[in-house]
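Shown below: run-v8.txt, with compact mmCIF, C-alpha atoms.
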```
# COMPACT_ATOMS: atom_id res chain seq x y z
CA MET A 1 0.00 0.00 0.00
CA LEU A 2 1.24 3.48 -0.84
CA ALA A 3 2.02 5.90 1.96
CA GLN A 4 -0.36 8.67 2.92
CA VAL A 5 1.47 11.97 2.52
CA PHE A 6 0.84 14.87 4.89
CA SER A 7 2.36 18.29 4.30
CA VAL A 8 2.60 20.74 7.17
CA ALA A 9 2.62 24.16 5.56
CA ASN A 10 2.20 27.84 6.25
CA GLN A 11 4.24 30.55 4.57
CA LYS A 12 4.39 32.45 7.83
CA GLY A 13 7.22 31.52 10.19
CA GLY A 14 6.70 30.61 13.84
CA THR A 15 3.34 28.90 13.48
CA GLY A 16 4.66 25.58 14.82
CA LYS A 17 5.14 23.65 11.57
CA THR A 18 8.16 21.69 12.75
CA THR A 19 6.73 21.03 16.21
CA LEU A 20 3.56 19.73 14.61
CA SER A 21 5.47 17.68 12.02
CA MET A 22 7.64 15.99 14.64
CA ASN A 23 4.84 15.13 17.04
CA LEU A 24 2.48 14.12 14.26
CA ALA A 25 5.14 11.80 12.85
CA ALA A 26 5.85 10.37 16.31
CA GLY A 27 2.16 9.57 16.73
CA LEU A 28 1.84 8.14 13.22
CA SER A 29 4.91 5.95 13.80
CA ARG A 30 2.84 4.08 16.41
CA ARG A 31 0.45 3.12 13.63
CA GLY A 32 2.83 2.37 10.78
CA ARG A 33 6.24 3.03 9.27
CA THR A 34 6.70 6.79 9.10
CA LEU A 35 9.28 9.15 7.62
CA ILE A 36 9.73 12.88 8.11
CA ILE A 37 10.83 14.81 5.03
CA ASP A 38 12.48 18.08 5.98
CA ALA A 39 11.84 20.38 3.02
CA ASP A 40 12.81 23.48 4.98
CA PRO A 41 16.40 24.65 4.33
CA GLN A 42 16.61 25.72 7.99
CA GLY A 43 16.78 21.99 8.76
CA SER A 44 15.02 22.24 12.12
CA ALA A 45 13.46 18.78 11.91
CA GLY A 46 16.86 17.16 11.40
CA GLN A 47 18.30 19.22 14.23
CA TRP A 48 15.46 18.15 16.52
CA ALA A 49 15.92 14.44 15.83
CA GLY A 50 19.68 14.84 16.05
CA LEU A 51 19.33 15.87 19.71
CA SER A 52 17.82 12.53 20.66
CA SER A 53 19.94 10.06 22.57
CA ASP A 54 20.98 6.52 21.66
CA GLU A 55 18.93 5.27 24.60
CA ARG A 56 15.87 7.12 23.37
CA PRO A 57 16.13 7.66 19.60
CA PHE A 58 13.49 9.69 17.80
CA PRO A 59 10.93 7.16 16.55
CA THR A 60 11.19 8.11 12.87
CA SER A 61 13.98 8.94 10.46
CA VAL A 62 14.31 12.45 9.09
CA ILE A 63 15.62 13.12 5.61
CA SER A 64 16.32 16.47 4.10
CA ILE A 65 15.19 17.00 0.51
CA ALA A 66 15.25 20.14 -1.58
CA SER A 67 15.52 18.93 -5.15
CA ASN A 68 13.20 16.61 -7.04
CA LEU A 69 10.82 16.47 -4.11
CA ALA A 70 7.99 15.02 -6.21
CA ARG A 71 10.15 12.22 -7.57
CA GLU A 72 11.64 11.38 -4.18
CA VAL A 73 8.24 11.31 -2.49
CA SER A 74 6.81 9.06 -5.22
CA ARG A 75 9.69 6.65 -4.64
CA MET A 76 9.35 6.69 -0.83
CA ARG A 77 5.62 6.11 -0.96
CA GLN A 78 6.38 2.46 -1.65
CA ASP A 79 8.38 1.98 1.55
CA TYR A 80 6.38 3.80 4.19
CA GLN A 81 2.85 3.99 5.48
CA TYR A 82 3.04 7.68 6.33
CA LEU A 83 5.20 10.54 5.04
CA VAL A 84 5.20 13.89 6.82
CA ILE A 85 6.67 16.85 4.90
CA ASP A 86 7.79 19.82 6.97
CA CYS A 87 7.50 22.69 4.46
CA PRO A 88 9.57 25.89 4.41
CA PRO A 89 7.94 29.11 5.64
CA THR A 90 7.70 30.67 2.20
CA LEU A 91 5.79 30.36 -1.05
CA GLU A 92 8.45 32.17 -3.06
CA THR A 93 10.66 29.18 -3.82
CA GLY A 94 7.80 26.92 -4.87
CA VAL A 95 8.99 24.11 -2.57
CA ALA A 96 5.84 24.26 -0.43
CA GLN A 97 3.68 24.15 -3.55
CA GLY A 98 5.76 21.20 -4.79
CA ALA A 99 5.14 19.36 -1.52
CA MET A 100 1.42 20.04 -1.82
CA THR A 101 1.26 18.65 -5.35
CA VAL A 102 2.39 15.24 -4.03
CA SER A 103 0.42 15.28 -0.75
CA ASP A 104 -2.90 13.75 0.19
CA LYS A 105 -3.57 16.22 2.98
CA ILE A 106 -2.16 19.56 4.10
CA LEU A 107 -2.21 20.69 7.70
CA ILE A 108 -2.00 24.46 8.09
CA PRO A 109 -1.13 25.45 11.65
CA ILE A 110 -2.46 28.91 12.45
CA LEU A 111 -1.86 30.79 15.67
CA PRO A 112 -4.79 32.64 17.24
CA SER A 113 -3.62 36.04 16.08
CA PRO A 114 -4.87 38.49 13.44
CA VAL A 115 -1.49 38.60 11.69
CA ASP A 116 -1.45 34.83 11.28
CA LEU A 117 -4.95 34.85 9.92
CA TRP A 118 -4.16 37.54 7.36
CA ALA A 119 -0.98 35.76 6.25
CA SER A 120 -2.90 32.55 5.70
CA VAL A 121 -5.16 34.15 3.10
CA ARG A 122 -2.36 34.01 0.57
CA LEU A 123 -1.64 30.36 1.37
CA ALA A 124 -5.30 29.56 0.79
CA ASN A 125 -4.98 31.08 -2.69
CA ALA A 126 -1.83 29.08 -3.39
CA ILE A 127 -3.65 25.89 -2.38
CA GLU A 128 -6.38 26.67 -4.89
CA GLN A 129 -3.68 26.90 -7.56
CA VAL A 130 -2.09 23.62 -6.49
CA LYS A 131 -5.46 21.89 -6.73
CA MET A 132 -5.28 22.31 -10.51
CA TYR A 133 -2.44 19.77 -10.38
CA ASN A 134 -3.63 17.73 -7.41
CA PRO A 135 -7.44 17.89 -7.32
CA LYS A 136 -7.68 15.28 -4.53
CA LEU A 137 -5.68 17.41 -2.12
CA LEU A 138 -7.44 17.93 1.23
CA PRO A 139 -6.29 21.00 3.18
CA TYR A 140 -7.16 21.55 6.84
CA ILE A 141 -6.56 24.46 9.19
CA LEU A 142 -5.33 23.53 12.65
CA VAL A 143 -5.43 26.12 15.43
CA ASN A 144 -2.13 25.90 17.25
CA GLN A 145 -1.06 27.37 20.60
CA LEU A 146 -4.65 27.96 21.60
CA GLU A 147 -5.19 29.73 24.92
CA PRO A 148 -8.81 29.04 25.88
CA ARG A 149 -8.99 31.97 28.32
CA ASN A 150 -7.80 34.42 25.71
CA ALA A 151 -10.60 36.33 23.95
CA ILE A 152 -8.94 36.17 20.54
CA SER A 153 -8.54 32.40 20.87
CA ARG A 154 -12.24 32.16 21.63
CA GLY A 155 -13.09 34.33 18.63
CA MET A 156 -11.07 32.23 16.18
CA SER A 157 -13.91 30.03 14.97
CA GLN A 158 -15.77 33.05 13.59
CA ALA A 159 -12.68 34.21 11.69
CA LEU A 160 -11.83 30.74 10.39
CA ALA A 161 -15.31 30.45 8.90
CA GLU A 162 -14.18 33.10 6.38
CA PHE A 163 -11.72 30.64 4.84
CA ASP A 164 -12.76 28.17 2.17
CA ILE A 165 -10.56 25.60 3.94
CA PRO A 166 -12.17 23.50 6.68
CA SER A 167 -10.83 23.76 10.22
CA LEU A 168 -10.14 20.66 12.27
CA GLN A 169 -12.10 20.11 15.46
CA SER A 170 -8.85 19.16 17.15
CA CYS A 171 -6.54 21.96 18.22
CA LEU A 172 -3.24 22.19 20.03
CA ARG A 173 -3.00 24.31 23.15
CA ARG A 174 -0.05 26.46 24.09
CA ARG A 175 2.02 24.10 26.25
CA ALA A 176 5.63 24.29 27.40
CA VAL A 177 6.03 20.56 26.87
CA TYR A 178 5.98 21.02 23.07
CA ARG A 179 9.02 23.31 23.31
CA ASN A 180 10.75 21.24 25.98
CA SER A 181 10.45 18.06 23.96
CA ALA A 182 12.44 19.70 21.13
CA LEU A 183 15.30 20.36 23.53
CA GLU A 184 15.42 16.68 24.41
CA GLY A 185 15.17 15.56 20.79
CA ALA A 186 11.98 13.76 21.71
CA SER A 187 8.28 13.91 21.00
CA VAL A 188 5.62 14.62 23.61
CA TYR A 189 5.05 10.84 23.72
CA CYS A 190 8.35 10.51 25.58
CA MET A 191 7.73 13.26 28.12
CA GLY A 192 5.96 11.15 30.70
CA LYS A 193 3.29 12.76 32.83
CA ARG A 194 4.25 16.24 31.58
CA GLY A 195 3.32 15.22 28.07
CA GLU A 196 0.04 13.45 28.76
CA SER A 197 -2.30 16.27 27.74
CA ALA A 198 -0.25 17.04 24.65
CA VAL A 199 -0.28 13.36 23.65
CA GLN A 200 -4.07 13.38 23.91
CA GLU A 201 -4.19 16.39 21.60
CA ILE A 202 -1.90 14.78 19.03
CA GLU A 203 -3.82 11.50 19.20
CA SER A 204 -7.11 13.30 18.70
CA LEU A 205 -5.63 15.17 15.73
CA ILE A 206 -4.32 11.95 14.15
CA GLU A 207 -7.64 10.16 14.58
CA GLU A 208 -9.41 13.09 12.95
CA ILE A 209 -7.12 13.41 9.94
CA LEU A 210 -6.95 9.67 9.33
CA ALA A 211 -10.74 9.48 9.39
CA SER A 212 -11.24 12.49 7.10
CA MET B 1 -16.50 40.15 24.31
CA SER B 2 -15.13 37.15 22.39
CA LYS B 3 -18.07 37.37 19.96
CA GLU B 4 -17.21 41.00 19.25
CA LEU B 5 -13.55 40.13 18.77
CA GLY B 6 -14.58 37.20 16.56
CA SER B 7 -16.53 39.59 14.33
CA LYS B 8 -13.58 41.96 14.14
CA LEU B 9 -11.25 39.10 13.25
CA ALA B 10 -13.66 37.82 10.62
CA ASN B 11 -13.93 41.31 9.11
CA SER B 12 -10.18 41.65 8.99
CA VAL B 13 -9.89 38.31 7.16
CA ARG B 14 -12.49 39.47 4.62
CA GLN B 15 -10.44 42.64 4.08
CA ALA B 16 -7.24 40.62 3.65
CA LYS B 17 -8.98 38.45 1.05
CA ALA B 18 -10.21 41.52 -0.81
CA LYS B 19 -6.68 42.93 -0.90
CA GLN B 20 -5.22 39.86 -2.62
CA THR B 21 -3.73 41.12 -5.88
CA PRO B 22 -3.66 39.28 -9.21
CA GLU B 23 0.13 39.56 -9.00
CA ASN B 24 0.15 37.36 -5.90
CA THR B 25 -2.01 34.77 -7.56
CA LEU B 26 0.13 34.71 -10.68
CA ARG B 27 3.25 34.20 -8.62
CA ALA B 28 1.73 31.23 -6.83
CA ASP B 29 0.66 29.76 -10.16
CA HIS B 30 4.14 30.14 -11.60
CA SER B 31 5.71 28.45 -8.56
CA THR B 32 3.26 25.59 -8.76
CA GLU B 33 4.04 24.97 -12.39
CA GLN B 34 7.71 24.83 -11.53
CA PHE B 35 7.14 22.00 -9.12
CA ALA B 36 4.47 19.97 -10.82
CA GLU B 37 5.73 16.49 -11.62
CA SER B 38 5.85 17.34 -15.28
CA SER B 39 8.22 20.28 -14.71
CA LYS B 40 11.44 20.38 -16.62
CA PRO B 41 14.84 20.27 -14.88
CA LYS B 42 15.67 23.83 -15.95
CA HIS B 43 13.15 25.08 -13.36
CA GLN B 44 15.03 24.90 -10.09
CA PRO B 45 14.20 26.81 -6.91
CA LYS B 46 16.59 29.65 -6.26
CA TYR B 47 17.57 28.55 -2.79
CA GLU B 48 18.84 25.21 -4.09
CA GLN B 49 21.32 27.10 -6.19
CA ARG B 50 22.42 29.22 -3.27
CA LEU B 51 22.65 26.32 -0.79
CA PRO B 52 24.30 23.39 -2.53
CA VAL B 53 24.87 21.65 0.83
CA PHE B 54 21.14 21.17 1.27
CA THR B 55 20.70 17.92 -0.63
CA SER B 56 18.88 14.63 -0.48
CA LYS B 57 20.86 13.38 2.46
CA ARG B 58 19.66 11.29 5.36
CA VAL B 59 20.35 13.38 8.43
CA TRP B 60 18.96 11.13 11.12
CA PRO B 61 19.93 8.50 11.95
CA ASP B 62 23.36 8.40 10.22
```

Would you write out, as structure tokens, the structure that this file holds?
Amino acid sequence: MLAQVFSVANQKGGTGKTTLSMNLAAGLSRRGRTLIIDADPQGSAGQWAGLSSDERPFPTSVISIASNLAREVSRMRQDYQYLVIDCPPTLETGVAQGAMTVSDKILIPILPSPVDLWASVRLANAIEQVKMYNPKLLPYILVNQLEPRNAISRGMSQALAEFDIPSLQSCLRRRAVYRNSALEGASVYCMGKRGESAVQEIESLIEEILAS
Amino acid sequence: MSKELGSKLANSVRQAKAKQTPENTLRADHSTEQFAESSKPKHQPKYEQRLPVFTSKRVWPD
């Protein structure tokens, strides 16, 4: 069976693409063979996994690809059940669009902030363009770093309704454990009791996107 | 309070959508064509040319 390919994309930096990619891949690796493709020249995904220890290796491999992404992904689809592409924070190079042309689903992490919402409008347009080449592509908005007590966080659903892209029911809250896990080269699954709530969020997200 | 903020946010998104220029759309289209599977090798992203060390290399594990 060919791998399902998930791209994590947003042309705005700092929305949590790599954090989402790493934890999503860690959760998917519990269900089947998973690979992270680091398509961001900053190489944060590789750096993250490189911090893991021999005693507790990161559960998936990370490879860095910039050229011939479509061809490489087509080849890797044979060997894995899930591929997660961590896209660069730009649309200018075309790499993110390239990743989307070979993906089944795109996850777009958006922070509960006006600036993030405005920036995502352009990505939504780019996705429409990519759909000419990949009509089966399913994009989803994921609210990341949600703070339930914050008024803007609570007002997000109204703003997200303005997008033609559906929003996932699942969301990720702002939690220190997501940042701390990066420092340990681990996913939230390896953070013990500190990571329990985050693991529940990631599991809920995975169940939702696999069922969609 | 959150409902009012939600309306403001929604309005601001509508404004951002209205401000999208044809130039932006064309640029996205051009980039997409570059990376469609049928693209020719002559279309390479600029950053690949600037960063030759960023290649198809397995970075983890060794």

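Between CA of Gln47 in chain A and CA of Tyr82 in chain A the separation is 20.7 Å.
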
**Request:** Please report as a PyMOL selection string which residues of chain A come no farther than 8 Å from chain B, using only C-alpha atoms.
**Result:** chain A and resi 41+46+49-50+61-67+70-71+91-95+97-98+101+114+117-118+121-122+125-126+129-130+133+151-152+154-162

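Our summary of the geometry notes that CA of Thr34 in chain A is positioned 9.6 Å from CA of Gln4 in chain A.
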
**Who sits within 10 Å of Asp79 in chain A, all atoms listed in the file, same chain under 6 positions skipped, as a PyMOL selection string** = chain A and resi 1-3+33-35

Counting only C-alpha atoms, what are the residues of range 151-187 of chain A within 9 Å of range 17-20 of chain A, and for each of them which pair of atoms is the nearest and at what distance in Å, to one decimal? Sort the table by chain and rising number, as a tab-separated table.
```
residue	atom	partner	partner_atom	distance
A:Tyr178	CA	A:Thr19	CA	6.9
A:Arg179	CA	A:Thr19	CA	7.8
A:Ala182	CA	A:Thr19	CA	7.7
A:Ser187	CA	A:Thr19	CA	8.7
```
